[in-house]
$ cat final19.cif   # mmCIF, C-alpha atoms
data_upload
#
loop_
_atom_site.group_PDB
_atom_site.id
_atom_site.type_symbol
_atom_site.label_atom_id
_atom_site.label_comp_id
_atom_site.auth_asym_id
_atom_site.auth_seq_id
_atom_site.Cartn_x
_atom_site.Cartn_y
_atom_site.Cartn_z
ATOM 1 C CA ALA A 1 128.765 33.297 125.716
ATOM 2 C CA VAL A 2 131.707 31.312 126.979
ATOM 3 C CA THR A 3 131.026 27.691 127.898
ATOM 4 C CA ILE A 4 133.588 25.777 129.925
ATOM 5 C CA THR A 5 132.855 22.059 129.818
ATOM 6 C CA SER A 6 134.791 19.561 131.920
ATOM 7 C CA TRP A 7 135.053 15.989 130.641
ATOM 8 C CA MET A 8 136.584 12.956 132.302
ATOM 9 C CA VAL A 9 139.145 11.447 129.926
ATOM 10 C CA PRO A 10 140.666 8.181 131.167
ATOM 11 C CA GLY A 11 144.309 8.731 131.964
ATOM 12 C CA LEU A 12 144.178 12.501 131.391
ATOM 13 C CA GLY A 13 141.720 13.901 133.936
ATOM 14 C CA ALA A 14 139.370 16.831 133.226
ATOM 15 C CA LYS A 15 139.993 19.362 130.466
ATOM 16 C CA PRO A 16 137.979 22.113 128.686
ATOM 17 C CA ASP A 17 136.825 21.175 125.187
ATOM 18 C CA TYR A 18 137.213 24.643 123.607
ATOM 19 C CA HIS A 19 138.176 28.198 124.481
ATOM 20 C CA TYR A 20 136.819 31.735 124.230
ATOM 21 C CA GLU A 21 138.979 32.772 121.272
ATOM 22 C CA ASP A 22 137.549 29.869 119.268
ATOM 23 C CA ILE A 23 133.939 31.074 119.453
ATOM 24 C CA VAL A 24 133.978 34.882 119.737
ATOM 25 C CA ALA A 25 133.959 35.419 115.965
ATOM 26 C CA GLN A 26 130.834 33.258 115.671
ATOM 27 C CA TYR A 27 129.067 34.935 118.589
ATOM 28 C CA CYS A 28 129.373 38.529 117.349
ATOM 29 C CA HIS A 29 127.343 38.420 114.125
ATOM 30 C CA PRO A 30 123.836 39.396 112.999
ATOM 31 C CA ASP A 31 122.523 35.822 112.875
ATOM 32 C CA LEU A 32 122.536 35.969 116.717
ATOM 33 C CA ASP A 33 123.506 32.292 116.946
ATOM 34 C CA TRP A 34 126.995 30.824 117.240
ATOM 35 C CA GLY A 35 125.890 27.300 116.352
ATOM 36 C CA ALA A 36 125.650 24.014 118.170
ATOM 37 C CA ILE A 37 127.939 23.398 121.121
ATOM 38 C CA PRO A 38 130.573 20.768 120.283
ATOM 39 C CA GLY A 39 129.550 17.265 121.288
ATOM 40 C CA ARG A 40 131.289 14.837 123.586
ATOM 41 C CA PRO A 41 134.911 14.134 122.594
ATOM 42 C CA LYS A 42 135.262 10.497 121.569
ATOM 43 C CA GLU A 43 137.824 9.876 124.301
ATOM 44 C CA ALA A 44 135.651 11.347 127.110
ATOM 45 C CA SER A 45 133.804 8.976 129.400
ATOM 46 C CA GLU A 46 131.832 11.349 131.650
ATOM 47 C CA LEU A 47 130.586 14.949 131.733
ATOM 48 C CA LEU A 48 131.585 16.390 135.113
ATOM 49 C CA GLN A 49 130.267 19.958 135.078
ATOM 50 C CA VAL A 50 129.413 22.939 132.883
ATOM 51 C CA GLN A 51 130.073 26.612 133.667
ATOM 52 C CA VAL A 52 128.667 29.257 131.330
ATOM 53 C CA PHE A 53 129.726 32.915 131.326
ATOM 54 C CA ILE A 54 127.786 35.364 129.167
ATOM 55 C CA ARG A 55 127.896 39.047 128.448
ATOM 56 C CA HIS A 56 124.606 40.841 127.906
ATOM 57 C CA GLY A 57 122.960 40.784 124.475
ATOM 58 C CA SER A 58 122.776 43.721 122.042
ATOM 59 C CA ARG A 59 121.995 46.999 123.764
ATOM 60 C CA VAL A 60 121.525 50.714 123.307
ATOM 61 C CA GLN A 61 124.766 52.705 123.607
ATOM 62 C CA CYS A 62 125.983 53.220 127.177
ATOM 63 C CA GLY A 63 126.779 56.947 127.049
ATOM 64 C CA ALA A 64 125.607 60.242 125.612
ATOM 65 C CA GLY A 65 128.552 60.602 123.215
ATOM 66 C CA PHE A 66 127.933 60.008 119.501
ATOM 67 C CA CYS A 67 130.368 58.401 117.100
ATOM 68 C CA TRP A 68 129.739 60.238 113.824
ATOM 69 C CA GLU A 69 127.998 63.274 112.391
ATOM 70 C CA GLY A 70 124.248 62.773 112.272
ATOM 71 C CA ASN A 71 124.331 59.931 114.828
ATOM 72 C CA SER A 72 122.417 62.111 117.310
ATOM 73 C CA GLU A 73 119.495 62.631 114.938
ATOM 74 C CA GLY A 74 116.283 60.644 115.228
ATOM 75 C CA ASN A 75 115.059 58.578 118.180
ATOM 76 C CA PHE A 76 116.123 55.452 120.010
ATOM 77 C CA THR A 77 113.025 53.249 120.248
ATOM 78 C CA CYS A 78 112.880 50.355 122.732
ATOM 79 C CA GLY A 79 109.985 47.911 122.934
ATOM 80 C CA LEU A 80 111.542 45.483 125.421
ATOM 81 C CA ASN A 81 110.426 46.287 128.982
ATOM 82 C CA TYR A 82 109.710 44.805 132.407
ATOM 83 C CA LEU A 83 106.759 43.834 134.550
ATOM 84 C CA ASP A 84 107.654 44.600 138.176
ATOM 85 C CA SER A 85 105.830 43.537 141.325
ATOM 86 C CA SER A 86 106.586 42.975 144.992
ATOM 87 C CA ILE A 87 106.465 39.499 146.535
ATOM 88 C CA GLY A 88 106.749 38.027 150.022
ATOM 89 C CA LYS A 89 108.910 35.157 151.272
ATOM 90 C CA SER A 90 106.520 32.594 149.817
ATOM 91 C CA SER A 91 106.713 34.243 146.344
ATOM 92 C CA GLN A 92 103.065 35.264 146.587
ATOM 93 C CA PRO A 93 102.439 38.642 144.858
ATOM 94 C CA LEU A 94 101.814 41.589 147.166
ATOM 95 C CA THR A 95 101.047 44.082 144.375
ATOM 96 C CA PRO A 96 99.785 44.131 140.801
ATOM 97 C CA SER A 97 102.429 44.018 138.063
ATOM 98 C CA PHE A 98 103.689 47.328 136.711
ATOM 99 C CA ARG A 99 105.240 47.838 133.281
ATOM 100 C CA THR A 100 108.390 49.966 133.501
ATOM 101 C CA GLN A 101 108.514 52.355 130.569
ATOM 102 C CA TYR A 102 110.840 55.311 129.975
ATOM 103 C CA ILE A 103 109.114 58.555 129.008
ATOM 104 C CA ASP A 104 109.803 59.561 125.421
ATOM 105 C CA GLY A 105 112.005 62.653 125.282
ATOM 106 C CA LYS A 106 112.950 62.600 128.990
ATOM 107 C CA ASN A 107 116.089 60.480 128.776
ATOM 108 C CA LEU A 108 119.777 61.046 128.114
ATOM 109 C CA LEU A 109 119.320 59.683 124.580
ATOM 110 C CA PRO A 110 116.514 60.885 122.302
ATOM 111 C CA GLY A 111 113.571 58.497 122.413
ATOM 112 C CA ASN A 112 112.239 56.094 125.047
ATOM 113 C CA CYS A 113 115.365 54.016 125.838
ATOM 114 C CA LEU A 114 117.395 53.815 129.020
ATOM 115 C CA VAL A 115 121.118 54.213 128.365
ATOM 116 C CA GLY A 116 122.503 50.702 127.881
ATOM 117 C CA GLN A 117 119.033 49.114 127.681
ATOM 118 C CA LEU A 118 118.805 45.605 126.217
ATOM 119 C CA VAL A 119 117.067 45.552 122.827
ATOM 120 C CA GLU A 120 114.906 42.859 121.237
ATOM 121 C CA SER A 121 117.740 41.353 119.162
ATOM 122 C CA GLY A 122 119.893 41.091 122.299
ATOM 123 C CA PHE A 123 117.110 39.240 124.107
ATOM 124 C CA ALA A 124 116.680 36.879 121.144
ATOM 125 C CA MET A 125 120.450 36.267 121.066
ATOM 126 C CA GLU A 126 120.474 35.100 124.684
ATOM 127 C CA GLN A 127 117.390 32.928 124.181
ATOM 128 C CA LEU A 128 119.235 31.171 121.355
ATOM 129 C CA ASN A 129 122.242 30.714 123.643
ATOM 130 C CA GLY A 130 119.941 29.061 126.182
ATOM 131 C CA LYS A 131 118.452 26.845 123.480
ATOM 132 C CA ARG A 132 121.938 25.683 122.466
ATOM 133 C CA LEU A 133 122.743 24.883 126.094
ATOM 134 C CA ARG A 134 119.537 22.886 126.351
ATOM 135 C CA GLU A 135 120.342 20.919 123.186
ATOM 136 C CA ALA A 136 123.822 20.072 124.479
ATOM 137 C CA TYR A 137 123.342 19.457 128.192
ATOM 138 C CA VAL A 138 119.670 18.530 128.661
ATOM 139 C CA GLU A 139 118.809 16.691 125.436
ATOM 140 C CA ALA A 140 122.188 15.215 124.417
ATOM 141 C CA GLU A 141 124.105 14.710 127.667
ATOM 142 C CA ASN A 142 121.266 14.531 130.240
ATOM 143 C CA LEU A 143 123.341 16.600 132.649
ATOM 144 C CA LEU A 144 120.041 18.179 133.715
ATOM 145 C CA PRO A 145 116.680 16.369 133.628
ATOM 146 C CA GLU A 146 114.088 17.403 131.036
ATOM 147 C CA ALA A 147 112.069 19.400 133.587
ATOM 148 C CA TRP A 148 115.064 20.472 135.687
ATOM 149 C CA TRP A 149 113.229 23.621 136.788
ATOM 150 C CA SER A 150 110.208 21.814 138.273
ATOM 151 C CA ALA A 151 111.560 20.589 141.608
ATOM 152 C CA ASN A 152 114.502 21.548 143.822
ATOM 153 C CA VAL A 153 115.898 23.711 141.005
ATOM 154 C CA HIS A 154 118.524 25.385 143.189
ATOM 155 C CA SER A 155 120.316 22.079 143.797
ATOM 156 C CA LYS A 156 120.716 21.600 140.014
ATOM 157 C CA ALA A 157 121.595 25.085 138.740
ATOM 158 C CA PHE A 158 122.951 28.388 140.065
ATOM 159 C CA PHE A 159 122.208 31.643 138.242
ATOM 160 C CA ARG A 160 124.213 34.799 138.953
ATOM 161 C CA SER A 161 124.069 38.310 137.473
ATOM 162 C CA THR A 162 125.249 41.797 138.195
ATOM 163 C CA ASP A 163 122.425 44.067 139.384
ATOM 164 C CA ILE A 164 122.144 45.902 136.047
ATOM 165 C CA PRO A 165 118.905 45.760 134.011
ATOM 166 C CA ARG A 166 120.485 44.564 130.739
ATOM 167 C CA THR A 167 122.498 41.801 132.415
ATOM 168 C CA LYS A 168 119.580 40.528 134.499
ATOM 169 C CA GLN A 169 117.281 40.539 131.480
ATOM 170 C CA SER A 170 119.952 38.750 129.409
ATOM 171 C CA ALA A 171 120.181 36.078 132.117
ATOM 172 C CA MET A 172 116.399 35.702 132.115
ATOM 173 C CA ALA A 173 116.406 35.261 128.332
ATOM 174 C CA LEU A 174 119.147 32.615 128.483
ATOM 175 C CA ILE A 175 117.339 30.703 131.237
ATOM 176 C CA THR A 176 114.101 30.836 129.212
ATOM 177 C CA GLY A 177 115.917 29.202 126.291
ATOM 178 C CA LEU A 178 117.380 26.590 128.637
ATOM 179 C CA VAL A 179 113.923 25.814 130.027
ATOM 180 C CA GLY A 180 112.599 25.277 126.502
ATOM 181 C CA ARG A 181 109.050 26.455 127.154
ATOM 182 C CA PRO A 182 107.468 29.704 125.935
ATOM 183 C CA GLY A 183 107.393 32.562 128.406
ATOM 184 C CA ALA A 184 106.570 31.629 131.994
ATOM 185 C CA ASP A 185 104.169 28.801 131.104
ATOM 186 C CA GLY A 186 103.996 26.665 134.244
ATOM 187 C CA ILE A 187 107.472 27.707 135.450
ATOM 188 C CA PRO A 188 107.820 28.475 139.190
ATOM 189 C CA PRO A 189 109.748 31.587 140.312
ATOM 190 C CA MET A 190 113.513 31.152 139.934
ATOM 191 C CA ARG A 191 116.324 32.671 141.937
ATOM 192 C CA LEU A 192 118.739 35.033 140.160
ATOM 193 C CA MET A 193 121.583 35.781 142.561
ATOM 194 C CA THR A 194 123.276 39.193 142.665
ATOM 195 C CA MET A 195 125.018 41.463 145.170
ATOM 196 C CA ASP A 196 125.429 45.065 146.221
ATOM 197 C CA PHE A 197 127.113 46.892 143.353
ATOM 198 C CA ALA A 198 129.778 48.305 145.709
ATOM 199 C CA LYS A 199 130.897 44.712 146.417
ATOM 200 C CA GLU A 200 130.358 43.327 142.901
ATOM 201 C CA ASN A 201 133.204 41.010 141.821
ATOM 202 C CA MET A 202 132.008 40.298 138.268
ATOM 203 C CA ILE A 203 132.866 43.744 136.905
ATOM 204 C CA VAL A 204 136.283 43.814 135.201
#
$ encode --input "final19.cif" --output "structure tokens"
Amino acid sequence: AVTITSWMVPGLGAKPDYHYEDIVAQYCHPDLDWGAIPGRPKEASELLQVQVFIRHGSRVQCGAGFCWEGNSEGNFTCGLNYLDSSIGKSSQPLTPSFRTQYIDGKNLLPGNCLVGQLVESGFAMEQLNGKRLREAYVEAENLLPEAWWSANVHSKAFFRSTDIPRTKQSAMALITGLVGRPGADGIPPMRLMTMDFAKENMIV
């Protein structure tokens, strides 16, 4: 995750408090947590805005090629899945929920995983990222109210993802950590903005 935080410093204007190269080594490790977000600089008087850019969490490999001898043996096993349903304009369900599950042995990789599928550790990583954001910007700085998701959420936060399963699920995990409540307990439907892949401008 890359967090760009703008502070108002008297006489200096707004400036970011740290940069991507300062945190990448902490982010990419098996503890799944890169630690608390740095607090308010002593010379800063006001938090102006926060922009957070994340890459998806840990995933299954994205192609059929294997890196070393024996890598193709055994199965890829994925337990993280989706519940899909159709809704109308009012967010009322039009169908039951369906669990999407890939048929074992019928995929590009051996096992029941979609190529590039988010795995449980990747989901946990993004939940921890969301928790750190909550600690910094809800609990410490009060940039968002405690129950920011409960009313007029779209005036307080904007969530954007590419239309790829692992990136959307990573965004959902991060938002769940930011909410600070288990699962969907009492949380209204949220809007995750995306666009036609042919026009996508977040792919580099």
$ atom_distance --input "final19.cif" --atom1 "atom CA of A:Gly186" --atom2 "atom CA of A:Trp148"
12.8 Å
$ residues_around --input "final19.cif" --residues "A:Gln61" --least-positions-apart "2" --cutoff "8 Å" --atoms "all atoms listed in the file" --output "PDB file with C-alpha atoms, in the coordinates of the input"
ATOM      1  CA  ARG A  59     121.995  46.999 123.764  1.00  0.00           C
ATOM      2  CA  GLY A  63     126.779  56.947 127.049  1.00  0.00           C
ATOM      3  CA  ALA A  64     125.607  60.242 125.612  1.00  0.00           C
ATOM      4  CA  VAL A 115     121.118  54.213 128.365  1.00  0.00           C
ATOM      5  CA  GLY A 116     122.503  50.702 127.881  1.00  0.00           C
ATOM      6  CA  GLN A 117     119.033  49.114 127.681  1.00  0.00           C
TER       7      GLN A 117
END
$ closest_residue --input "final19.cif" --among "A:Gly111, A:Tyr82, A:Ala157, A:Leu47" --to "A:Ser97" --atoms "all atoms listed in the file"
A:Tyr82
$ atom_distance --input "final19.cif" --atom1 "atom CA of A:Leu133" --atom2 "atom CA of A:Phe53"
11.9 Å
$ resolve_selection --input "final19.cif" --expression "the PyMOL selection byres ((chain A and resi 78-80) around 12)" --output "PyMOL selection string"
chain A and resi 58-60+75-77+81-83+99-104+109-124+165-166+169-170+173
$ atom_distance --input "final19.cif" --atom1 "atom CA of A:Pro182" --atom2 "atom CA of A:Leu128"
12.7 Å
$ closest_residue --input "final19.cif" --among "A:Ile164, A:Leu178, A:Ala171, A:Met190" --to "A:Val138" --atoms "only C-alpha atoms"
A:Leu178
$ resolve_selection --input "final19.cif" --expression "the PyMOL selection byres ((chain A and resi 132) around 12)" --output "PDB file with C-alpha atoms, in the coordinates of the input"
ATOM      1  CA  ALA A   1     128.765  33.297 125.716  1.00  0.00           C
ATOM      2  CA  THR A   3     131.026  27.691 127.898  1.00  0.00           C
ATOM      3  CA  LEU A  32     122.536  35.969 116.717  1.00  0.00           C
ATOM      4  CA  ASP A  33     123.506  32.292 116.946  1.00  0.00           C
ATOM      5  CA  TRP A  34     126.995  30.824 117.240  1.00  0.00           C
ATOM      6  CA  GLY A  35     125.890  27.300 116.352  1.00  0.00           C
ATOM      7  CA  ALA A  36     125.650  24.014 118.170  1.00  0.00           C
ATOM      8  CA  ILE A  37     127.939  23.398 121.121  1.00  0.00           C
ATOM      9  CA  PRO A  38     130.573  20.768 120.283  1.00  0.00           C
ATOM     10  CA  GLY A  39     129.550  17.265 121.288  1.00  0.00           C
ATOM     11  CA  VAL A  52     128.667  29.257 131.330  1.00  0.00           C
ATOM     12  CA  MET A 125     120.450  36.267 121.066  1.00  0.00           C
ATOM     13  CA  GLU A 126     120.474  35.100 124.684  1.00  0.00           C
ATOM     14  CA  GLN A 127     117.390  32.928 124.181  1.00  0.00           C
ATOM     15  CA  LEU A 128     119.235  31.171 121.355  1.00  0.00           C
ATOM     16  CA  ASN A 129     122.242  30.714 123.643  1.00  0.00           C
ATOM     17  CA  GLY A 130     119.941  29.061 126.182  1.00  0.00           C
ATOM     18  CA  LYS A 131     118.452  26.845 123.480  1.00  0.00           C
ATOM     19  CA  LEU A 133     122.743  24.883 126.094  1.00  0.00           C
ATOM     20  CA  ARG A 134     119.537  22.886 126.351  1.00  0.00           C
ATOM     21  CA  GLU A 135     120.342  20.919 123.186  1.00  0.00           C
ATOM     22  CA  ALA A 136     123.822  20.072 124.479  1.00  0.00           C
ATOM     23  CA  TYR A 137     123.342  19.457 128.192  1.00  0.00           C
ATOM     24  CA  VAL A 138     119.670  18.530 128.661  1.00  0.00           C
ATOM     25  CA  GLU A 139     118.809  16.691 125.436  1.00  0.00           C
ATOM     26  CA  ALA A 140     122.188  15.215 124.417  1.00  0.00           C
ATOM     27  CA  LEU A 174     119.147  32.615 128.483  1.00  0.00           C
ATOM     28  CA  ILE A 175     117.339  30.703 131.237  1.00  0.00           C
ATOM     29  CA  THR A 176     114.101  30.836 129.212  1.00  0.00           C
ATOM     30  CA  GLY A 177     115.917  29.202 126.291  1.00  0.00           C
ATOM     31  CA  LEU A 178     117.380  26.590 128.637  1.00  0.00           C
ATOM     32  CA  VAL A 179     113.923  25.814 130.027  1.00  0.00           C
ATOM     33  CA  GLY A 180     112.599  25.277 126.502  1.00  0.00           C
TER      34      GLY A 180
END
